[in-house]
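Scroll down for the structure; my scribbles are underneath it.
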Amino acid sequence: MPQDALDPRQERRLPEALNEFQQAEGHPQFRVDVERIRFSPFYSRLSAVTQVISQAGAGLAVHNRLTHSVKVAAVARAIATHLSTRDDEASRVVAELGGAHPVVVQAAAAAHDLGHPPFGHLGEQTLDRLARSRFGLSEGFEGNAQTYRILTRLDEHDRPGVGLNLTAAVRAAVLKYPWRRGEGGARRGGASKFSYYAVDERDARQALSAYPLIERGQQSVECSIMDISDDIAYSLHDLDDFYRAGLLNPATLSAEFRTWRRGLAQLRAADEQTLAADTRTPGHSLELLWRRLQSKDAWIADPDAFSEAVAKVSSAVIDELVAEPFDGSLASERGLARFTTAWIARLQSSIEVHRHPDVRSGHVALNRQSWHEVAVLKFLHERFILERPDLAVYQRGQASVLERLVGGFAAWLDDPRDARRAPRRLIDLVELATDDYRRLRTDAPERVEARTDTDLESLARGRGIIDYVASLTDTQALSLDALLAGRTERLWDAGQGL
């Protein structure tokens, strides 16, 4: 969609002229945003942040948050380019709702995982619990909200107070759950998912105001493209990792799918409590997946489409892909590449545009059949990888690392004799949070739990500590843990840049 200088989507929070080189190269505002995100240290750190299983823990080259983000960007740009160059009713709806600029989508995809803390989703859950229980931060911690906080507050380009100073379009495109904690209701993600904290709400509202035809609580078109692309990449690239690692047992997978198909009538008649009590019995977990889809997404869940998706995934993954163990040969690489390429092409071509989507969906979404297929693909690693006891033991250890870091930094900042020697960036983040809570107390006092200055400073200290620990890589978290415990002899190497 053509953009002009007055387009509110291109507005930054402060007027800003492009430099002479950028003007000579014809760089649009959105391209500048992509470059700022890619040159950010928060983007670079994603190469050392766990996706699902860590590289150290798996002992092989698996996806990390950076490689995942690069692939999400590729899928998203392809979808946006297709939608923005068509001449049909779908493209007209897209244009009316604000457009699907490929570079905006690319920027959002590059940025969407910036807020993920060390150790993947395990780290997110641990920091959320610690933020609420230890520091009384009712909003806790959420990776998506942290992404927005990084882009608009914690990272800086060339002036203080406005983050990377990105355009409204790109800021809106990272708001996958455009509400505060607890406001999701029946929407996708529910009450636990949200994309901005109260201290960052004013900025988020300003970005969303560039889309007057998008209903409150709904994603921009560009955000929905990024979100769908994230689902596509996640469902396939994690499967890629687990297949390479030899973690997908064909016999176990086959038993689950085959038993579900053969015993469908009996499983449908079973009580849900009975199924949940023994998820290791083949067929039970797959039936529970169907019931969860039916309960949460009745607007699209369909028993025939689900059965067809089960058959499709069973044939493509169990009977074809994992039937031949990955042995590192060129033939194995070719087979895996063909599988991934074919599925990405299939899912990219299954995109639909809806002017008035269900509250659980977006303006751009997968069609009914592909939606079920992605759900079944995700089920493979949710059931057969994330529930593994060996992974659970490893993750409990990682959670302990984060608990010790948060506790150690809290004790350090509470020590009046030594607080001044805390990491400089930690002190900066506490000061930023203090400024944010003071402003929020003036603008929206009902959203600040602090009654006194001391209470406010305590909340800000907690938020600053959480911001700091969340910004570490997996390796930095482990190194800092050893430093705080006095268990390392590599003092200078272990502490660099922290």
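By order of appearance in the structure tokens: chains A, B, ..., then residues from 1 within every chain, and ligands from 1 in the order shown.
The residue set within 12 Å of A:Ala345, counting only C-alpha atoms and dropping same-chain residues fewer than 4 places from it, reads A:Ala74, A:Val75, A:Ala78, A:Ile79, A:Ser229, A:Ile232, A:Ala233, A:Leu236, A:Arg338, A:Phe339, A:Thr340, A:Thr341, A:Ser349, A:Ser350, A:Ile351, A:Ser370.
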Would you save the residues from that selection as a tab-separated table (two decimals), in the first residue's frame, using C-alpha atoms?
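Produced file selection_20.tsv, reproduced below:
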```tsv
chain	number	residue	atom	x	y	z
A	74	ALA	CA	10.87	-14.91	5.96
A	75	VAL	CA	7.45	-16.57	6.23
A	78	ALA	CA	6.18	-13.80	1.87
A	79	ILE	CA	2.58	-13.69	3.15
A	229	SER	CA	3.94	-16.85	10.71
A	232	ILE	CA	3.85	-21.83	11.24
A	233	ALA	CA	7.55	-21.58	12.06
A	236	LEU	CA	7.74	-26.96	11.96
A	338	ARG	CA	11.65	-31.23	1.39
A	339	PHE	CA	9.31	-31.89	4.31
A	340	THR	CA	9.72	-28.41	5.83
A	341	THR	CA	9.53	-26.57	2.49
A	349	SER	CA	-1.13	-20.72	0.71
A	350	SER	CA	-3.89	-21.42	3.26
A	351	ILE	CA	-4.19	-17.82	4.44
A	370	SER	CA	-4.67	-25.79	8.11
```
List every residue of stretch 311-492 of chain A that DSSP, applied to the backbone of this structure, places in alpha helix (DSSP H), and write the result as a VMD selection string. chain A and resid 311 to 313 330 to 348 368 to 384 389 to 413 424 to 443 453 to 470 474 to 484 491 to 492
Those same residues - C-alpha atoms - I'd like them written as a compact mmCIF listing (two decimals), in the first residue's frame.
```txt
# COMPACT_ATOMS: atom_id res chain seq x y z
CA ALA A 311 -4.42 -38.43 9.28
CA LYS A 312 -2.35 -35.87 7.36
CA VAL A 313 0.23 -35.37 10.12
CA LEU A 330 22.96 -35.48 2.75
CA ALA A 331 19.98 -37.71 1.99
CA SER A 332 18.56 -37.05 5.48
CA GLU A 333 19.13 -33.31 5.05
CA ARG A 334 17.35 -33.34 1.70
CA GLY A 335 14.41 -35.29 3.09
CA LEU A 336 14.01 -32.91 6.01
CA ALA A 337 14.32 -29.85 3.74
CA ARG A 338 11.65 -31.23 1.39
CA PHE A 339 9.31 -31.89 4.31
CA THR A 340 9.72 -28.41 5.83
CA THR A 341 9.53 -26.57 2.49
CA ALA A 342 6.38 -28.41 1.43
CA TRP A 343 4.59 -27.73 4.70
CA ILE A 344 5.54 -24.04 4.78
CA ALA A 345 4.31 -23.61 1.21
CA ARG A 346 1.08 -25.44 2.09
CA LEU A 347 0.41 -23.31 5.15
CA GLN A 348 1.37 -20.02 3.49
CA ARG A 368 -10.06 -24.23 8.93
CA GLN A 369 -8.14 -27.28 7.74
CA SER A 370 -4.67 -25.79 8.11
CA TRP A 371 -5.57 -24.40 11.55
CA HIS A 372 -6.23 -27.96 12.73
CA GLU A 373 -3.04 -29.23 11.12
CA VAL A 374 -0.90 -26.66 12.94
CA ALA A 375 -2.61 -27.63 16.22
CA VAL A 376 -1.73 -31.30 15.65
CA LEU A 377 1.86 -30.45 14.63
CA LYS A 378 2.31 -28.47 17.86
CA PHE A 379 0.85 -31.40 19.79
CA LEU A 380 3.80 -33.59 18.74
CA HIS A 381 6.36 -31.62 20.72
CA GLU A 382 4.01 -30.56 23.51
CA ARG A 383 3.20 -34.21 24.25
CA PHE A 384 6.38 -36.05 23.33
CA PRO A 389 11.02 -36.29 32.69
CA ASP A 390 14.66 -35.61 31.70
CA LEU A 391 13.69 -32.20 30.32
CA ALA A 392 11.67 -31.47 33.46
CA VAL A 393 14.71 -32.16 35.68
CA TYR A 394 16.88 -29.89 33.53
CA GLN A 395 14.29 -27.11 33.61
CA ARG A 396 13.93 -27.25 37.38
CA GLY A 397 17.65 -26.59 37.59
CA GLN A 398 17.31 -23.62 35.24
CA ALA A 399 14.46 -22.22 37.33
CA SER A 400 16.71 -22.41 40.40
CA VAL A 401 19.35 -20.34 38.60
CA LEU A 402 16.83 -17.54 37.97
CA GLU A 403 15.54 -17.71 41.53
CA ARG A 404 19.06 -17.30 42.90
CA LEU A 405 19.80 -14.40 40.53
CA VAL A 406 16.64 -12.49 41.44
CA GLY A 407 17.21 -13.13 45.14
CA GLY A 408 20.89 -12.20 44.92
CA PHE A 409 20.30 -8.90 43.14
CA ALA A 410 17.43 -7.99 45.47
CA ALA A 411 19.67 -8.55 48.50
CA TRP A 412 22.46 -6.55 46.84
CA LEU A 413 20.28 -3.51 46.16
CA ARG A 424 25.56 -0.16 36.27
CA ARG A 425 22.85 -1.34 33.90
CA LEU A 426 20.85 -2.82 36.77
CA ILE A 427 20.92 0.54 38.53
CA ASP A 428 19.88 2.30 35.30
CA LEU A 429 16.92 -0.08 34.86
CA VAL A 430 15.75 0.50 38.42
CA GLU A 431 15.92 4.26 37.83
CA LEU A 432 13.94 3.92 34.57
CA ALA A 433 11.29 1.86 36.34
CA THR A 434 11.12 4.41 39.15
CA ASP A 435 10.49 7.21 36.65
CA ASP A 436 7.83 5.06 34.94
CA TYR A 437 5.94 4.31 38.14
CA ARG A 438 6.06 7.95 39.24
CA ARG A 439 4.60 9.02 35.90
CA LEU A 440 1.95 6.30 36.09
CA ARG A 441 0.99 7.39 39.62
CA THR A 442 0.33 10.86 38.21
CA ASP A 443 -1.43 9.76 35.00
CA ASP A 453 7.08 6.64 47.97
CA THR A 454 8.72 3.71 49.74
CA ASP A 455 6.17 1.30 48.24
CA LEU A 456 6.70 2.81 44.81
CA GLU A 457 10.47 2.49 45.08
CA SER A 458 10.05 -1.13 46.12
CA LEU A 459 7.91 -1.89 43.05
CA ALA A 460 10.37 -0.10 40.78
CA ARG A 461 13.30 -2.01 42.27
CA GLY A 462 11.48 -5.26 41.58
CA ARG A 463 10.65 -4.31 38.01
CA GLY A 464 14.22 -3.18 37.39
CA ILE A 465 15.64 -6.47 38.70
CA ILE A 466 13.21 -8.49 36.55
CA ASP A 467 14.06 -6.33 33.51
CA TYR A 468 17.76 -6.96 34.13
CA VAL A 469 17.61 -10.73 34.63
CA ALA A 470 15.26 -11.09 31.65
CA ASP A 474 21.38 -18.41 28.96
CA THR A 475 25.18 -18.39 29.35
CA GLN A 476 25.24 -15.00 31.08
CA ALA A 477 22.63 -16.20 33.56
CA LEU A 478 24.71 -19.28 34.39
CA SER A 479 27.91 -17.21 34.66
CA LEU A 480 26.32 -14.59 36.89
CA ASP A 481 24.88 -17.30 39.11
CA ALA A 482 28.39 -18.72 39.58
CA LEU A 483 29.81 -15.23 40.23
CA LEU A 484 27.23 -14.37 42.88
CA LEU A 491 36.17 -13.52 37.15
CA TRP A 492 36.75 -11.09 34.31
```
Between atom CA of A:Asp238 and atom CA of A:Asp302, what is the distance, to one decimal in Å? 25.7 Å
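Atom CA of A:Ala204 is positioned 7.4 Å from atom CA of A:Arg171.
Going from atom CA of A:Arg187 over to atom CA of A:Val359, you cover 5.1 Å.
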Can you list, as a ChimeraX atom specification, all residues belonging to stretch 180-365 of chain A that DSSP tags as strand (DSSP E)? /A:351-353,364-365
Can you spit out the residues from that selection as a JSON list (two decimals), in the first residue's frame, using N, CA and C atoms?
```json
[["chain", "number", "residue", "atom", "x", "y", "z"],
["A", 351, "ILE", "N", -3.83, -19.05, 3.72],
["A", 351, "ILE", "CA", -4.19, -17.82, 4.44],
["A", 351, "ILE", "C", -5.52, -17.26, 3.97],
["A", 352, "GLU", "N", -6.32, -16.80, 4.92],
["A", 352, "GLU", "CA", -7.60, -16.14, 4.62],
["A", 352, "GLU", "C", -7.61, -14.76, 5.28],
["A", 353, "VAL", "N", -8.42, -13.86, 4.71],
["A", 353, "VAL", "CA", -8.57, -12.51, 5.26],
["A", 353, "VAL", "C", -10.02, -12.34, 5.72],
["A", 364, "VAL", "N", -6.04, -11.72, 9.52],
["A", 364, "VAL", "CA", -5.38, -12.70, 8.63],
["A", 364, "VAL", "C", -5.21, -13.98, 9.43],
["A", 365, "ALA", "N", -5.68, -15.09, 8.89],
["A", 365, "ALA", "CA", -5.66, -16.35, 9.64],
["A", 365, "ALA", "C", -5.54, -17.53, 8.69]]
```
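Using only C-alpha atoms, the contacts of stretch 150-158 of chain A at a cut-off of 9 Å, with sequence neighbours closer than 2 positions omitted, comprise Arg36, Ile37, Ser40, Pro41, Phe42, Ala111, Leu114, Gly115, Ala145, Gln146, Thr147, Tyr148, Pro160, Gly161, Val162, Gly163, Leu164, Asn165, Leu166, Arg171, Asp200, Asp203, Leu429, Leu432 and Asp467 of chain A.
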Could you write out the selected residues, including C-alpha atoms, as a PDB file, in the first residue's frame?
```pdb
ATOM      1  CA  ARG A  36      17.379  -0.420  14.350  1.00  0.00           C
ATOM      2  CA  ILE A  37      15.939  -3.717  15.541  1.00  0.00           C
ATOM      3  CA  SER A  40      20.028  -3.820  18.735  1.00  0.00           C
ATOM      4  CA  PRO A  41      22.028  -5.795  21.315  1.00  0.00           C
ATOM      5  CA  PHE A  42      18.713  -7.306  22.425  1.00  0.00           C
ATOM      6  CA  ALA A 111      11.341  -8.062  17.114  1.00  0.00           C
ATOM      7  CA  LEU A 114      13.088  -9.810  22.051  1.00  0.00           C
ATOM      8  CA  GLY A 115      11.398 -10.096  25.434  1.00  0.00           C
ATOM      9  CA  ALA A 145       4.924  -7.282  27.198  1.00  0.00           C
ATOM     10  CA  GLN A 146       8.675  -7.340  27.777  1.00  0.00           C
ATOM     11  CA  THR A 147       9.246  -7.139  24.012  1.00  0.00           C
ATOM     12  CA  TYR A 148       7.224  -3.927  23.856  1.00  0.00           C
ATOM     13  CA  PRO A 160      16.697   8.932  26.003  1.00  0.00           C
ATOM     14  CA  GLY A 161      13.096   8.189  26.870  1.00  0.00           C
ATOM     15  CA  VAL A 162      11.703   6.862  23.573  1.00  0.00           C
ATOM     16  CA  GLY A 163      13.383   3.490  23.149  1.00  0.00           C
ATOM     17  CA  LEU A 164      14.255   2.793  19.525  1.00  0.00           C
ATOM     18  CA  ASN A 165      11.691   5.421  18.479  1.00  0.00           C
ATOM     19  CA  LEU A 166      10.015   3.117  15.967  1.00  0.00           C
ATOM     20  CA  ARG A 171       5.089  -0.819  17.335  1.00  0.00           C
ATOM     21  CA  ASP A 200       3.857   1.248  28.829  1.00  0.00           C
ATOM     22  CA  ASP A 203       2.729   4.394  24.273  1.00  0.00           C
ATOM     23  CA  LEU A 429      16.923  -0.080  34.855  1.00  0.00           C
ATOM     24  CA  LEU A 432      13.944   3.920  34.575  1.00  0.00           C
ATOM     25  CA  ASP A 467      14.065  -6.325  33.511  1.00  0.00           C
TER      26      ASP A 467
END
```
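Minimum distance to A:His82 across A:Val94, A:Arg388, A:Arg31, A:Gly263 (counting only C-alpha atoms) occurs at A:Val94.
Minimum distance to A:Arg447 across A:Ser84, A:Ser138, A:Gln29, A:Ser47 (counting only C-alpha atoms) occurs at A:Ser138.
Take the candidates A:Ala251, A:Ala305, A:Ala277, A:Ala207 and check each one against A:Arg9 using only C-alpha atoms; the shortest distance goes to A:Ala207.
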What lies within 12 Å of A:Glu89 using only C-alpha atoms, ignoring chain neighbours under 6 positions off, as a VMD selection string? chain A and resid 83 95 to 96 352 to 355
Could you save the residues just selected, with N, CA and C atoms, as a tab-separated table (two decimals), in the first residue's frame?
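New file result-v5.tsv:
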```
chain	number	residue	atom	x	y	z
A	83	LEU	N	-0.27	-10.75	-0.11
A	83	LEU	CA	-1.51	-10.02	0.15
A	83	LEU	C	-1.48	-8.60	-0.40
A	95	ALA	N	-6.17	-3.34	2.70
A	95	ALA	CA	-5.83	-1.92	2.51
A	95	ALA	C	-6.70	-1.02	3.38
A	96	GLU	N	-7.99	-1.31	3.45
A	96	GLU	CA	-8.90	-0.50	4.26
A	96	GLU	C	-8.54	-0.54	5.74
A	352	GLU	N	-6.32	-16.80	4.92
A	352	GLU	CA	-7.60	-16.14	4.62
A	352	GLU	C	-7.61	-14.76	5.28
A	353	VAL	N	-8.42	-13.86	4.71
A	353	VAL	CA	-8.57	-12.51	5.26
A	353	VAL	C	-10.02	-12.34	5.72
A	354	HIS	N	-10.20	-11.84	6.93
A	354	HIS	CA	-11.54	-11.64	7.49
A	354	HIS	C	-11.70	-10.20	7.95
A	355	ARG	N	-12.74	-9.56	7.48
A	355	ARG	CA	-12.99	-8.18	7.92
A	355	ARG	C	-13.43	-8.15	9.38
```
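Checking A:His63, A:Arg181, A:Arg86, A:Arg45 one by one against A:Leu137, counting only C-alpha atoms, you find the shortest gap at A:Arg181.
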For A:Asp113, work out the shell of residues within 9 Å, counting only C-alpha atoms and skipping chain neighbours fewer than 3 positions away, then give it as a count of residues only. 12
